Protein chains: 4
Amino acid sequence: MTDIAHLGPVELLTPEGERSLAFFTDVMGMEIEGQEGATTYLRGWGDYQRYSLALTESDTSGMAFCGLRAWSPEALERRVAAVEASGLGDGWTDGARGRGPSYRFRDPDGHRFELYYEVERYDPPEHLRPSLKNQPQRYTGRGAAVKRLDHVNVLAGDVRASREFAQQALDYRLYERIELDDGSEAGAWLSASIAAHELIYTRDAYGARGRLHHLAFWVDTREECLRAADLFLDNDIHIEAAPSKHAIAQGFFLYGIEPGGNRIEVTTGGYFVFDPDQPTVVWTEQERAKGQAWGVHTVESFHTYGTPPVAGAPLAH
Amino acid sequence: MTDIAHLGPVELLTPEGERSLAFFTDVMGMEIEGQEGATTYLRGWGDYQRYSLALTESDTSGMAFCGLRAWSPEALERRVAAVEASGLGDGWTDGARGRGPSYRFRDPDGHRFELYYEVERYDPPEHLRPSLKNQPQRYTGRGAAVKRLDHVNVLAGDVRASREFAQQALDYRLYERIELDDGSEAGAWLSASIAAHELIYTRDAYGARGRLHHLAFWVDTREECLRAADLFLDNDIHIEAAPSKHAIAQGFFLYGIEPGGNRIEVTTGGYFVFDPDQPTVVWTEQERAKGQAWGVHTVESFHTYGTPPVAGAPLAH
Amino acid sequence: MTDIAHLGPVELLTPEGERSLAFFTDVMGMEIEGQEGATTYLRGWGDYQRYSLALTESDTSGMAFCGLRAWSPEALERRVAAVEASGLGDGWTDGARGRGPSYRFRDPDGHRFELYYEVERYDPPEHLRPSLKNQPQRYTGRGAAVKRLDHVNVLAGDVRASREFAQQALDYRLYERIELDDGSEAGAWLSASIAAHELIYTRDAYGARGRLHHLAFWVDTREECLRAADLFLDNDIHIEAAPSKHAIAQGFFLYGIEPGGNRIEVTTGGYFVFDPDQPTVVWTEQERAKGQAWGVHTVESFHTYGTPPVAGAPLAH
Amino acid sequence: MTDIAHLGPVELLTPEGERSLAFFTDVMGMEIEGQEGATTYLRGWGDYQRYSLALTESDTSGMAFCGLRAWSPEALERRVAAVEASGLGDGWTDGARGRGPSYRFRDPDGHRFELYYEVERYDPPEHLRPSLKNQPQRYTGRGAAVKRLDHVNVLAGDVRASREFAQQALDYRLYERIELDDGSEAGAWLSASIAAHELIYTRDAYGARGRLHHLAFWVDTREECLRAADLFLDNDIHIEAAPSKHAIAQGFFLYGIEPGGNRIEVTTGGYFVFDPDQPTVVWTEQERAKGQAWGVHTVESFHTYGTPPVAGAPLAH
C-alpha cells in the first residue's frame with residue numbers, strides 16, 4: 001500500500017572479508033550468487049532477487065547502502081521526486097548487478113539508499129533448483145539457513161528527523177515508536193507492508209552519523225532461531241542477545257556479532273498490520289524500562305554499539 | 001498495493017448452533033465478543049476488529065457472506081464502481097455490528113460479499129486487557145488459541161470466471177493457480193497483501209453454486225498446528241486432513257470438520273510475496289498428482305465436500 | 001537402573017491457597033484430581049499416578065515433602081535399610097491418597113521425603129478419557145498444559161553432604177555438579193533414569209535448611225515453553241527467568257513465581273544419559289561465570305531466593 | 001532397570017555405498033568417524049560412543065547386526081547366559097572398532113545381535129570440540145543434524161517368538177503391542193529404558209527372515225522433523241511417510257528411503273515410562289484401522305517393504 005515494495009539488497013562492509021564470508025555462508029547458510037572485486041553477493045534460499053546481501057571487504061564495517069525497490073515505475077518516479085524535493089538526492093546511476101537504474105540519496109542522518117524498480121529474478125543453477133516451483137531455490141538446510149533479508153535497523157542522531165523523512169519522502173508507514181520523557185524520540189519502527197517492521201531507526205548513543213545497528217534475516221520458526229543460537233555458540237560467534245521476544249513489534253530475536261563487527265539478527269514472528277488506519281503505538285520511557293516481552297533486559301552494548309564503531313567506545317564483543 | 005485491506009468478518013451458518021459455538025470457543029479458543037439473535041460474534045486474540053467470525057444458527061451450513069475491508073474511502077468507491085459495472089452489485093446497507101456502510105454484491109459463482117471501509121477497533125474488557133500494548137487482546141491460550149481469521153476458500157463451478165472477477169473488480173493479485181490438461185482452471189490463490197493467499201477459489205466437484213470449502217484461522221507456529229490436532233483428536237472433532245504442508249502456497253495446515261459440518265483450517269507458514277511483479281505460478285495436472293509438499297495425498301472428500309452439502313453427496317465426516 | 005523409579009508426588013505449601021490453585025489449574029493447566037481439607041491434588045495430563053502435586057494452604061510456602069517411588073518391593077526394602085542405617089529415618093506411615101505404606105525420612109539438609117512402592121494408577125472420569133489408550137488422560141490444552149512433574153530442585157546448606165546421601169542411601173546417579181574454586185560444591189544434578197536430572201541440590205545462599213528452589217513441570221516442546229511465557233505475562237505471573245537454555249543439563253527453561261511465592265519451572269529438552277558409566281561433568285566457577293548456554297545471566301534472585309523465604313531477605317518478585 | 005543399557009551401533013548394508021554415504025552425511029548430517037575397508041563409521045552429534053552406525057557397501061541392503069550394550073560386566077554375563085540357554089548363541093568375538101569382547105547371537109527370526117559392555121567414549125577432534133562440555137561433539141547443524149541413533153524396527157515372521165525372546169533372554173520391557181483378531185501378534189514395542197521404544201518387532205508380510213523395517217535417528221524437536229522433510233524433498237530422497245504422529249508410542253515421524261533402499265526414520269517425541277509396573281498397552285485390529293494418531297493411513301509399502309527386499313515384491317520407492 002505504499003510506493004516501496006521492500007528494502008534490499010544491502011551492501012555490508014567488513015574488515016574481515018574471509019571470516020565474514022564464512023559466517024554468512026557456513027553459519028547463516030546463505031548461498032554465494034557471485035563475486036566481483038572485493039564484493040561477494042549472497043542470498044537466502046527464499047530471496048526472489050539474485051541476492052539480498054553484498055558483502056564487501058573494506059577497511060571498516062557498517063552499511064554501505066540499502067536498496068529500496070519501488071512498487072512500479074510510477075512509484076519510483078514519485079519517490080525520486082519527493083527525495084529530490086527534500087534536497088537529499090545524489091542522482092541516478094546505471095544500476096548494479098541484478099537491478100536497473102537506481103537513484104542515490106542519503107537520509108537526514110547520512111545513510112545511503114538507492115531507489116530502483118527494475119530487477120532480475122533469481123534463476124538457480126541446476127544444483128540449487130527447488131522441488132516446489134513456488135520457491136526460488138532449493139532449501140539446503142546449511143547452518144541457520146536464513147530464508148531472506150527481513151529488515152534493517154539504522155542508528156540516527158535525530159531519530160525523529162529521519163523517521164519523518166522515511167514517512168514523507170519514502171512513503172513508509174509508522175507502526176511503533178519510543179518517546180522518552182523529555183519528548184525526544186528513541187526509536188521508530190516503519191514498514192512498507194503488513195510486516196510489523198522493515199526499516200527501523202534507533203538513537204545513536206554517540207550522536208555519530210550513518211551507522212548501522214543491525215541487519216536481520218528471516219527464518220520461518222522460533223525453533224530455527226533457537227537452533228541458530230546453538231550454531232552461533234558452537235561456531236564461536238559472539239551472542240550479544242540470546243533468543244527472546246521483543247516487546248516492540250513482538251519479533252523473536254537472536255543477535256550476534258559477525259567476525260567483521262556488524263550486528264546480525266536472526267528473526268521471526270511478530271504480527272501483521274492489516275488495518276490501513278493502524279494507530280502508531282507509542283512506548284514511554286517507563287514502559288521500555290520493563291525490558292523485552294518476557295522481561296529480558298538487553299545488555300548495555302545493544303543500546304550503544306553500532307558499525308562502524310565509534311573510536312574509543314566499548315565493543316559489543 | 002491493492003484496494004482491499006483484508007477480508008473478514010465472515011458469517012458462517014450452522015445447523016448445530018450450540019455445538020459449533022463450543023467448538024469455536026473451547027477448541028479453537030476464540031472469544032465471544034457479543035451475541036445478537038441467532039448470531040454469536042467471535043474473535044481471535046490478534047484480531048484488531050471487534051470480531052472476525054459471525055456464527056449464526058441456521059437450517060443449513062455454509063458461508064452467509066464475506067466482508068472485504070477497503071484500504072480507504074477512495075478505494076471503497078473504486079471497488080464499488082467496478083462491482084457495479086460488472087452488474088453483480090446488490091446495493092448499500094447501513095452496515096452492521098462494528099462496521100459502517102457496506103456494499104453488498106455476489107461474485108459470479110454466487111458467494112455474497114460486503115465491501116466497507118469504516119470499522120470499530122476492538123476495545124477489550126478488563127479481563128482481556130493485554131500486557132503488551134501492541135496486542136489487541138490478552139493471550140488466553142485456551143484450546144488452539146487461533147490468532148485471527150486468515151483466509152477463505154470458496155468453491156466455484158467456474159473458477160476462472162470468479163478468479164478474473166476477483167482480480168478485475170476486487171483488485172486481488174493472483175499468486176498461484178492450477179490449470180488442468182483440458183485447459184480448465186481447478187483453483188486460484190489470490191491475495192491483497194504480501195501473504196501468500198487470502199481468497200481462494202477451487203472447483204466445485206458438483207457444480208453447485210456459492211459453497212464454502214473452508215475458513216482458515218492463523219496460528220503463529222507449526223507447533224500450534226500440531227497441538228491443535230491433538231486438541232481436535234481429544235475433543236472428537238473429525239480430522240479430515242492431519243497437519244502437513246501444502247505444495248501450493250506452502251501453507252502448513254490442519255483441516256477438521258466443525259460440528260455444523262463446515263470445514264475449518266488451522267494454518268500457518270507459507271511465504272511472503274515481496275515482488276510487485278511476481279509471476280503467477282501455474283501448476284499442471286501432473287504436478288498436482290504428486291500430492292502435497294511432502295507427498296501426502298488429501299482424502300477424496302477434500303476435493304468434493306463443501307458447505308452447504310450437496311444433497312445425496314458423501315460427507316467428509 | 002537404580003532402585004528409585006521416579007520422584008513425586010510433591011506436597012507444596014502456599015499461604016495463598018486460592019490464587020495458587022488458580023495458577024496451577026488455569027495457567028499451568030493442571031487438573032484437580034481431588035480435594036481433602038486444606039489440600040488440593042493436581043495432575044498433569046501425562047501423569048500416570050492419580051496426582052503429582054498436593055497443594056496445601058498453609059501459613060508459609062515451600063515443599064512439605066517429596067515422594068520417591070521405589071522400583072519394586074525389594075528396591076523399597078533396600079532403600080529403607082540404607083536410610084535407616086544413615087540415622088535419618090523417621091519411620092513408616094500407612095501411606096496417603098493414592099499410595100501405600102510410605103517410609104518417611106529427611107535428607108541431611110532437612111528436606112522431608114517419603115519412600116513407597118504401592119501406587120494407584122489414574123482412572124480418568126468420562127470427560128477426561130483420552131482418544132489414545134496409551135495416554136493417561138485427555139489433552140485439554142488449557143494454559144501451559146504441563147504434561148507431568150519433571151524434577152525438583154532443593155537448596156542445601158551443604159550440597160555435598162546431601163548429594164552424597166542421595167547417591168548412597170537413595171541410589172541416585174550423579175550426572176553433573178559445580179565445584180567452586182575453594183573446593184566447595186555449589187550444585188549437583190542427580191537422576192534415577194536416563195533423564196538428565198530429576199533431583200537437584202543447589203547451595204542455599206543463606207545457609208537455611210530444608211528450602212525449595214523450584215519444582216519443574218514438563219512440556220514436550222520448546223514452543224510450549226515460549227507459549228507458557230506469553231501465558232505468564234498475560235496472567236500477571238512474575239517471570240523470574242525468561243525462556244532460555246541451561247548450560248548444565250541443557251534443559252530449556254521458563255521460571256516464574258507462583259502467587260504463593262514458590263518458584264515454578266516449565267521445562268523441556270536436555271539430553272538422555274545412555275552410558276551406564278557416564279563420567280560426572282564437573283563445572284568450575286569460571287565456566288559458570290559464562291552464564292547459561294547462550295550467555296544469559298540469570299538474575300541475582302535466582303541464586304538466593306527460595307521458599308519458605310528467609311526473613312529479611314529480598315524476594316524474587 | 002534392565003540389563004541392557006541401549007542398542008547400537010548398527011551395521012547397515014547398502015548396494016549404493018557412495019550415495020548412501022552422501023545421504024547419511026549431507027542429508028542426515030552425521031559425521032564420519034572413520035573408514036575401514038568397505039565400512040564407514042558414522043555418528044550423530046549426541047552419540048557418546050565413537051559411532052552408532054557402520055555403513056557397509058555390500059551386494060544387498062538390510063541390517064548386518066545390531067549391537068546391545070549391557071549395563072555392567074555382570075549384566076553382560078547374565079544376558080550371555082540367558083542367550084546361551086536359548087540355544088541361539090554364536091559365541092564370543094574380540095570385539096570391534098570402539099568396543100570390547102562381544103557375544104554374537106541371533107534372535108528367533110535370524111537377526112544378528114552382539115552383546116558387549118566395554119566401549120570407548122568419543123573424543124572429538126579439534127574442529128568438532130563442543131562449547132558445552134556436557135555434549136560429546138559440536139553441533140554442526142548440517143542437514144537434518146540427527147542427534148543419535150534412537151531405535152531399531154526389525155521385521156519378524158513370528159513376532160511373538162522374537163518378542164518373548166527379547167523379554168526373556170535380553171531383559172527388555174514390553175510397552176505396547178498389536179494383537180490381531182486371530183490372536184496373532186502384529187507388532188511389539190520394547191524398551192530397556194524409560195524411552196517409549198528402543199527395539200520394535202513388526203510382522204514380515206512375506207514371512208521372510210531377518211529383515212529390517214527401519215532405523216530411527218533422533219532429533220530434539222518436531223520442527224526438526226518437519227525441516228528434515230524439506231531436506232528430503234529438495235535432496236530427492238523418497239519420502240515414504242510425511243511427518244505425522246504415531247498412535248503407538250506417540251512418536252513423531254518422518255520416513256524416507258535412503259539410496260541403498262533401507263527405510264530411515266527421523267523421530268522425536270513420544271512419552272516416558274516412569275511406572276515400573278506399566279501395563280502393556282494392547283492394540284486391536286479395529287483400533288489400528290483408525291490410522292495414526294491424527295488419522296493418517298500409512299501407505300501400503302510401509303506394511304510390506306523391508307530390507308533386503310524380497311525378490312519380486314514391490315519397492316517402497
# chains A, B, ... in the order shown; residues from 1 in each chain; ligands from 1
call {"tool": "calpha_fit_and_write", "arguments": {"fixed": "chain D", "moving": "chain A", "output": "short mmCIF file (atom, residue, chain, number, x, y, z; two decimals) with C-alpha atoms, in the first residue's frame"}}
result
data_model
loop_
_atom_site.label_atom_id
_atom_site.label_comp_id
_atom_site.auth_asym_id
_atom_site.auth_seq_id
_atom_site.Cartn_x
_atom_site.Cartn_y
_atom_site.Cartn_z
CA MET A 1 16.25 -51.02 35.11
CA THR A 2 17.13 -53.79 32.75
CA ASP A 3 20.43 -55.43 31.94
CA ILE A 4 20.63 -53.60 28.61
CA ALA A 5 21.88 -50.02 28.60
CA HIS A 6 20.92 -49.30 25.00
CA LEU A 7 21.15 -50.68 21.49
CA GLY A 8 23.69 -49.75 18.85
CA PRO A 9 25.88 -49.45 16.96
CA VAL A 10 24.06 -50.91 13.98
CA GLU A 11 25.75 -52.13 10.83
CA LEU A 12 23.72 -51.27 7.76
CA LEU A 13 24.33 -52.73 4.31
CA THR A 14 23.91 -50.85 1.09
CA PRO A 15 24.44 -51.67 -2.56
CA GLU A 16 24.87 -47.94 -3.19
CA GLY A 17 27.84 -47.15 -0.98
CA GLU A 18 28.66 -43.72 -2.23
CA ARG A 19 25.11 -42.43 -2.50
CA SER A 20 24.12 -43.89 0.87
CA LEU A 21 27.14 -42.25 2.47
CA ALA A 22 26.20 -38.92 0.94
CA PHE A 23 22.71 -39.35 2.37
CA PHE A 24 23.93 -40.00 5.89
CA THR A 25 26.47 -37.19 5.87
CA ASP A 26 24.79 -34.46 3.82
CA VAL A 27 21.08 -35.08 4.39
CA MET A 28 21.07 -36.70 7.84
CA GLY A 29 24.05 -34.59 8.88
CA MET A 30 26.10 -37.33 10.51
CA GLU A 31 29.88 -37.15 10.93
CA ILE A 32 32.32 -39.67 9.55
CA GLU A 33 34.24 -41.07 12.50
CA GLY A 34 36.39 -43.37 10.42
CA GLN A 35 36.59 -45.70 7.48
CA GLU A 36 37.84 -49.30 7.26
CA GLY A 37 37.57 -51.34 4.09
CA ALA A 38 34.01 -51.19 2.79
CA THR A 39 32.70 -49.72 6.03
CA THR A 40 32.27 -46.08 7.05
CA TYR A 41 31.64 -45.33 10.70
CA LEU A 42 29.14 -42.54 11.32
CA ARG A 43 27.88 -40.68 14.35
CA GLY A 44 25.23 -38.17 15.40
CA TRP A 45 26.40 -35.11 17.30
CA GLY A 46 24.93 -36.50 20.53
CA ASP A 47 26.26 -40.05 20.36
CA TYR A 48 28.58 -40.71 23.31
CA GLN A 49 30.21 -43.72 21.64
CA ARG A 50 32.59 -43.27 18.74
CA TYR A 51 29.89 -44.18 16.26
CA SER A 52 26.36 -45.50 16.15
CA LEU A 53 26.17 -46.50 12.50
CA ALA A 54 28.53 -48.67 10.48
CA LEU A 55 27.62 -48.30 6.82
CA THR A 56 28.97 -51.11 4.66
CA GLU A 57 28.92 -51.33 0.91
CA SER A 58 27.56 -54.75 0.03
CA ASP A 59 25.63 -56.56 -2.67
CA THR A 60 22.42 -56.11 -0.77
CA SER A 61 20.69 -53.93 1.80
CA GLY A 62 19.47 -54.59 5.33
CA MET A 63 20.92 -54.74 8.81
CA ALA A 64 24.08 -56.80 9.30
CA PHE A 65 23.92 -56.67 13.07
CA CYS A 66 22.64 -54.64 16.00
CA GLY A 67 24.87 -54.02 19.00
CA LEU A 68 23.47 -54.18 22.52
CA ARG A 69 25.47 -52.63 25.29
CA ALA A 70 25.00 -54.32 28.66
CA TRP A 71 24.58 -52.21 31.77
CA SER A 72 27.59 -53.76 33.54
CA PRO A 73 29.99 -56.69 33.30
CA GLU A 74 27.59 -58.68 35.47
CA ALA A 75 24.63 -57.73 33.32
CA LEU A 76 26.58 -58.87 30.29
CA GLU A 77 27.26 -62.25 31.91
CA ARG A 78 23.61 -62.68 32.79
CA ARG A 79 22.45 -61.90 29.27
CA VAL A 80 25.03 -64.14 27.63
CA ALA A 81 24.00 -66.97 29.92
CA ALA A 82 20.36 -66.45 29.05
CA VAL A 83 21.04 -66.33 25.33
CA GLU A 84 23.23 -69.43 25.52
CA ALA A 85 20.49 -71.25 27.35
CA SER A 86 18.14 -70.42 24.49
CA GLY A 87 20.42 -72.20 22.05
CA LEU A 88 20.67 -69.14 19.79
CA GLY A 89 24.19 -68.09 20.74
CA ASP A 90 27.04 -67.94 18.25
CA GLY A 91 29.88 -67.23 20.66
CA TRP A 92 32.40 -64.54 21.56
CA THR A 93 34.45 -62.29 19.30
CA ASP A 94 37.27 -59.98 20.30
CA GLY A 95 35.04 -57.01 19.67
CA ALA A 96 35.33 -54.37 17.01
CA ARG A 97 36.12 -50.72 16.44
CA GLY A 98 35.34 -48.90 19.65
CA ARG A 99 34.06 -51.81 21.72
CA GLY A 100 35.43 -54.78 23.62
CA PRO A 101 34.59 -58.50 23.63
CA SER A 102 31.22 -59.12 22.06
CA TYR A 103 28.91 -62.07 22.19
CA ARG A 104 27.18 -62.87 18.92
CA PHE A 105 23.77 -64.42 18.62
CA ARG A 106 20.63 -64.37 16.52
CA ASP A 107 17.07 -63.77 17.63
CA PRO A 108 14.47 -66.42 16.71
CA ASP A 109 13.84 -64.64 13.42
CA GLY A 110 17.50 -64.62 12.49
CA HIS A 111 18.57 -61.02 13.09
CA ARG A 112 22.17 -60.83 14.31
CA PHE A 113 23.00 -59.07 17.56
CA GLU A 114 26.17 -58.51 19.53
CA LEU A 115 26.18 -58.08 23.30
CA TYR A 116 29.10 -56.17 24.80
CA TYR A 117 29.96 -53.99 27.72
CA GLU A 118 33.34 -52.37 27.15
CA VAL A 119 33.25 -49.29 25.00
CA GLU A 120 35.29 -46.25 24.02
CA ARG A 121 33.77 -42.84 24.57
CA TYR A 122 34.08 -40.37 21.71
CA ASP A 123 36.94 -37.91 21.81
CA PRO A 124 36.25 -35.24 19.20
CA PRO A 125 38.94 -33.75 16.99
CA GLU A 126 39.59 -30.04 17.44
CA HIS A 127 37.17 -28.88 14.76
CA LEU A 128 34.34 -30.83 16.39
CA ARG A 129 35.03 -29.89 20.00
CA PRO A 130 31.81 -28.56 21.57
CA SER A 131 31.35 -25.34 23.53
CA LEU A 132 29.41 -27.07 26.28
CA LYS A 133 31.36 -29.83 27.99
CA ASN A 134 28.27 -31.98 28.58
CA GLN A 135 27.93 -32.52 24.85
CA PRO A 136 30.05 -35.10 23.04
CA GLN A 137 30.52 -33.10 19.87
CA ARG A 138 30.00 -29.72 18.29
CA TYR A 139 26.55 -29.15 16.81
CA THR A 140 27.18 -28.68 13.10
CA GLY A 141 23.57 -28.14 12.08
CA ARG A 142 24.32 -29.75 8.71
CA GLY A 143 21.25 -31.29 7.07
CA ALA A 144 18.79 -32.92 9.44
CA ALA A 145 21.56 -32.90 12.05
CA VAL A 146 20.34 -36.05 13.79
CA LYS A 147 21.48 -36.30 17.39
CA ARG A 148 21.84 -40.05 17.86
CA LEU A 149 20.58 -43.48 16.91
CA ASP A 150 17.22 -43.89 18.64
CA HIS A 151 15.60 -47.21 17.84
CA VAL A 152 15.54 -50.18 15.50
CA ASN A 153 12.47 -51.81 14.00
CA VAL A 154 12.99 -55.30 12.61
CA LEU A 155 10.54 -57.51 10.77
CA ALA A 156 9.76 -60.99 12.02
CA GLY A 157 7.79 -63.88 10.62
CA ASP A 158 6.73 -64.74 14.17
CA VAL A 159 6.59 -61.52 16.17
CA ARG A 160 5.54 -63.23 19.38
CA ALA A 161 8.50 -65.63 19.43
CA SER A 162 11.07 -62.88 18.91
CA ARG A 163 9.33 -60.53 21.32
CA GLU A 164 9.29 -63.15 24.06
CA PHE A 165 12.96 -63.83 23.43
CA ALA A 166 13.71 -60.11 23.76
CA GLN A 167 11.90 -60.02 27.07
CA GLN A 168 13.28 -63.23 28.51
CA ALA A 169 16.80 -63.53 27.17
CA LEU A 170 17.52 -59.82 26.69
CA ASP A 171 15.57 -58.38 29.62
CA TYR A 172 13.58 -55.89 27.50
CA ARG A 173 10.34 -54.43 28.79
CA LEU A 174 7.23 -54.62 26.61
CA TYR A 175 5.32 -51.34 26.47
CA GLU A 176 2.89 -51.80 23.60
CA ARG A 177 1.83 -54.49 21.16
CA ILE A 178 -0.74 -55.23 18.46
CA GLU A 179 -2.86 -58.35 18.68
CA LEU A 180 -4.93 -59.17 15.63
CA ASP A 181 -8.41 -60.70 15.74
CA ASP A 182 -6.96 -64.16 15.04
CA GLY A 183 -4.82 -63.90 18.17
CA SER A 184 -1.56 -63.45 16.31
CA GLU A 185 0.82 -60.65 17.13
CA ALA A 186 1.47 -57.97 14.51
CA GLY A 187 3.92 -55.81 16.39
CA ALA A 188 5.69 -55.31 19.70
CA TRP A 189 7.35 -52.18 21.11
CA LEU A 190 10.11 -52.95 23.61
CA SER A 191 12.45 -50.78 25.62
CA ALA A 192 15.30 -51.11 28.06
CA SER A 193 14.76 -47.61 29.46
CA ILE A 194 12.03 -45.05 30.11
CA ALA A 195 12.02 -44.21 26.37
CA ALA A 196 8.79 -45.48 24.82
CA HIS A 197 10.54 -47.81 22.39
CA GLU A 198 14.03 -48.90 21.51
CA LEU A 199 13.55 -52.30 19.86
CA ILE A 200 10.48 -52.99 17.75
CA TYR A 201 9.30 -56.16 16.06
CA THR A 202 6.66 -55.94 13.36
CA ARG A 203 5.31 -58.68 11.16
CA ASP A 204 7.11 -59.54 7.94
CA ALA A 205 4.39 -59.51 5.30
CA TYR A 206 6.34 -62.05 3.25
CA GLY A 207 7.35 -64.31 6.11
CA ALA A 208 10.98 -63.66 5.18
CA ARG A 209 13.65 -63.89 7.88
CA GLY A 210 16.00 -61.38 9.44
CA ARG A 211 14.83 -58.30 7.61
CA LEU A 212 14.94 -54.67 8.65
CA HIS A 213 11.92 -52.39 8.75
CA HIS A 214 13.79 -49.21 9.67
CA LEU A 215 16.48 -47.47 11.68
CA ALA A 216 15.41 -44.34 13.53
CA PHE A 217 17.57 -41.36 14.39
CA TRP A 218 16.58 -38.81 17.00
CA VAL A 219 16.14 -35.06 16.73
CA ASP A 220 15.07 -32.98 19.71
CA THR A 221 12.03 -31.22 18.24
CA ARG A 222 9.12 -31.80 15.90
CA GLU A 223 10.25 -28.75 13.94
CA GLU A 224 13.44 -30.61 13.10
CA CYS A 225 11.36 -33.49 11.71
CA LEU A 226 9.42 -31.05 9.52
CA ARG A 227 12.66 -29.43 8.44
CA ALA A 228 14.08 -32.86 7.62
CA ALA A 229 11.11 -33.43 5.33
CA ASP A 230 12.01 -30.29 3.40
CA LEU A 231 15.57 -31.56 3.15
CA PHE A 232 14.44 -34.98 1.92
CA LEU A 233 12.26 -33.25 -0.68
CA ASP A 234 14.99 -30.98 -1.99
CA ASN A 235 17.60 -33.77 -1.95
CA ASP A 236 15.44 -36.16 -3.93
CA ILE A 237 15.07 -38.63 -1.07
CA HIS A 238 11.85 -40.59 -1.44
CA ILE A 239 9.51 -39.65 1.42
CA GLU A 240 7.53 -42.77 2.17
CA ALA A 241 5.60 -41.24 5.07
CA ALA A 242 5.44 -37.49 5.65
CA PRO A 243 5.82 -36.14 9.18
CA SER A 244 2.98 -37.10 11.50
CA LYS A 245 2.37 -38.66 14.90
CA HIS A 246 2.14 -42.38 15.57
CA ALA A 247 -0.73 -43.65 17.67
CA ILE A 248 1.53 -46.38 19.07
CA ALA A 249 4.19 -44.85 21.32
CA GLN A 250 3.08 -41.41 20.09
CA GLY A 251 6.39 -40.86 18.34
CA PHE A 252 6.60 -38.10 15.75
CA PHE A 253 7.98 -39.48 12.50
CA LEU A 254 9.36 -38.90 9.04
CA TYR A 255 10.17 -41.96 6.94
CA GLY A 256 12.35 -41.92 3.86
CA ILE A 257 14.11 -44.51 1.76
CA GLU A 258 17.85 -43.93 1.58
CA PRO A 259 19.59 -44.51 -1.76
CA GLY A 260 20.56 -48.06 -0.77
CA GLY A 261 16.93 -48.97 -0.22
CA ASN A 262 16.84 -49.00 3.58
CA ARG A 263 13.98 -47.21 5.33
CA ILE A 264 15.25 -44.48 7.64
CA GLU A 265 13.21 -42.57 10.20
CA VAL A 266 13.81 -39.15 11.71
CA THR A 267 11.98 -39.24 15.03
CA THR A 268 11.23 -37.33 18.20
CA GLY A 269 8.53 -37.09 20.84
CA GLY A 270 6.73 -40.01 22.42
CA TYR A 271 6.39 -40.43 26.16
CA PHE A 272 8.45 -41.70 29.07
CA VAL A 273 7.51 -44.75 31.07
CA PHE A 274 8.21 -43.97 34.71
CA ASP A 275 5.95 -46.68 36.10
CA PRO A 276 7.94 -49.87 36.83
CA ASP A 277 4.68 -51.80 36.58
CA GLN A 278 3.42 -50.12 33.42
CA PRO A 279 0.78 -52.43 31.95
CA THR A 280 1.41 -53.31 28.32
CA VAL A 281 -0.97 -51.46 26.02
CA VAL A 282 -2.56 -53.94 23.62
CA TRP A 283 -4.01 -52.55 20.39
CA THR A 284 -6.70 -54.43 18.49
CA GLU A 285 -7.06 -54.81 14.75
CA GLN A 286 -10.03 -52.46 14.85
CA GLU A 287 -8.15 -49.80 16.76
CA ARG A 288 -5.26 -49.95 14.34
CA ALA A 289 -7.66 -49.48 11.43
CA LYS A 290 -8.13 -45.89 12.60
CA GLY A 291 -4.69 -44.97 11.30
CA GLN A 292 -2.02 -43.00 13.07
CA ALA A 293 -2.77 -40.55 15.88
CA TRP A 294 -4.40 -37.91 13.70
CA GLY A 295 -5.93 -40.43 11.30
CA VAL A 296 -3.16 -40.63 8.72
CA HIS A 297 -3.06 -44.02 6.99
CA THR A 298 0.46 -45.08 6.14
CA VAL A 299 0.96 -46.30 2.59
CA GLU A 300 0.83 -49.98 1.78
CA SER A 301 4.60 -50.23 1.33
CA PHE A 302 5.06 -49.27 4.97
CA HIS A 303 3.41 -52.55 5.93
CA THR A 304 5.23 -54.74 3.46
CA TYR A 305 8.55 -53.32 2.34
CA GLY A 306 11.73 -54.22 4.21
CA THR A 307 15.41 -54.76 3.50
CA PRO A 308 16.81 -56.73 1.94
CA PRO A 309 13.81 -56.62 -0.39
CA VAL A 310 12.00 -59.86 -1.16
CA ALA A 311 12.52 -60.90 -4.78
CA GLY A 312 9.60 -59.80 -6.91
CA ALA A 313 7.89 -57.79 -4.18
CA PRO A 314 7.03 -54.15 -4.81
CA LEU A 315 9.50 -51.52 -3.67
CA ALA A 316 8.68 -48.55 -1.49
CA HIS A 317 10.27 -46.16 -3.91
#
call {"tool": "select_by_dssp", "arguments": {"residues": "region 181-270 of chain B", "states": "strand (DSSP E)", "output": "MDAnalysis selection string"}}
result
chainID B and resid 185:191 199:203 212:218 238:245 251:257 263:269
call {"tool": "select_by_dssp", "arguments": {"residues": "region 124-311 of chain C", "states": "helix (DSSP H, G or I)", "output": "CSV table (one decimal) with C-alpha atoms, in the first residue's frame"}}
result
chain,number,residue,atom,x,y,z
C,126,GLU,CA,-15.5,-39.8,31.3
C,127,HIS,CA,-14.9,-36.2,30.3
C,128,LEU,CA,-11.1,-36.7,30.6
C,159,VAL,CA,25.3,-29.6,48.9
C,160,ARG,CA,28.0,-32.3,49.1
C,161,ALA,CA,26.5,-33.9,52.1
C,162,SER,CA,23.0,-34.1,50.7
C,163,ARG,CA,24.3,-35.1,47.3
C,164,GLU,CA,26.4,-38.0,48.7
C,165,PHE,CA,23.3,-39.1,50.7
C,166,ALA,CA,21.2,-39.1,47.6
C,167,GLN,CA,23.8,-41.3,45.9
C,168,GLN,CA,24.5,-43.7,48.7
C,222,ARG,CA,10.4,-25.6,23.4
C,223,GLU,CA,7.5,-23.8,21.7
C,224,GLU,CA,5.3,-24.8,24.6
C,225,CYS,CA,7.8,-23.1,27.0
C,226,LEU,CA,7.7,-19.9,24.9
C,227,ARG,CA,3.9,-20.1,24.8
C,228,ALA,CA,3.9,-20.6,28.6
C,229,ALA,CA,5.9,-17.3,28.9
C,230,ASP,CA,3.2,-15.5,27.0
C,231,LEU,CA,0.6,-17.0,29.4
C,232,PHE,CA,2.7,-16.0,32.4
C,233,LEU,CA,2.9,-12.5,31.0
C,234,ASP,CA,-0.8,-12.1,30.3
C,285,GLU,CA,33.5,-21.4,38.9
C,286,GLN,CA,35.0,-19.8,35.8
C,287,GLU,CA,32.9,-21.9,33.5
C,288,ARG,CA,29.7,-21.0,35.3
C,300,GLU,CA,20.5,-12.5,41.4
C,301,SER,CA,17.3,-13.7,43.0
C,302,PHE,CA,17.7,-17.0,41.1
C,303,HIS,CA,20.8,-17.7,43.2
C,304,THR,CA,19.4,-16.6,46.5
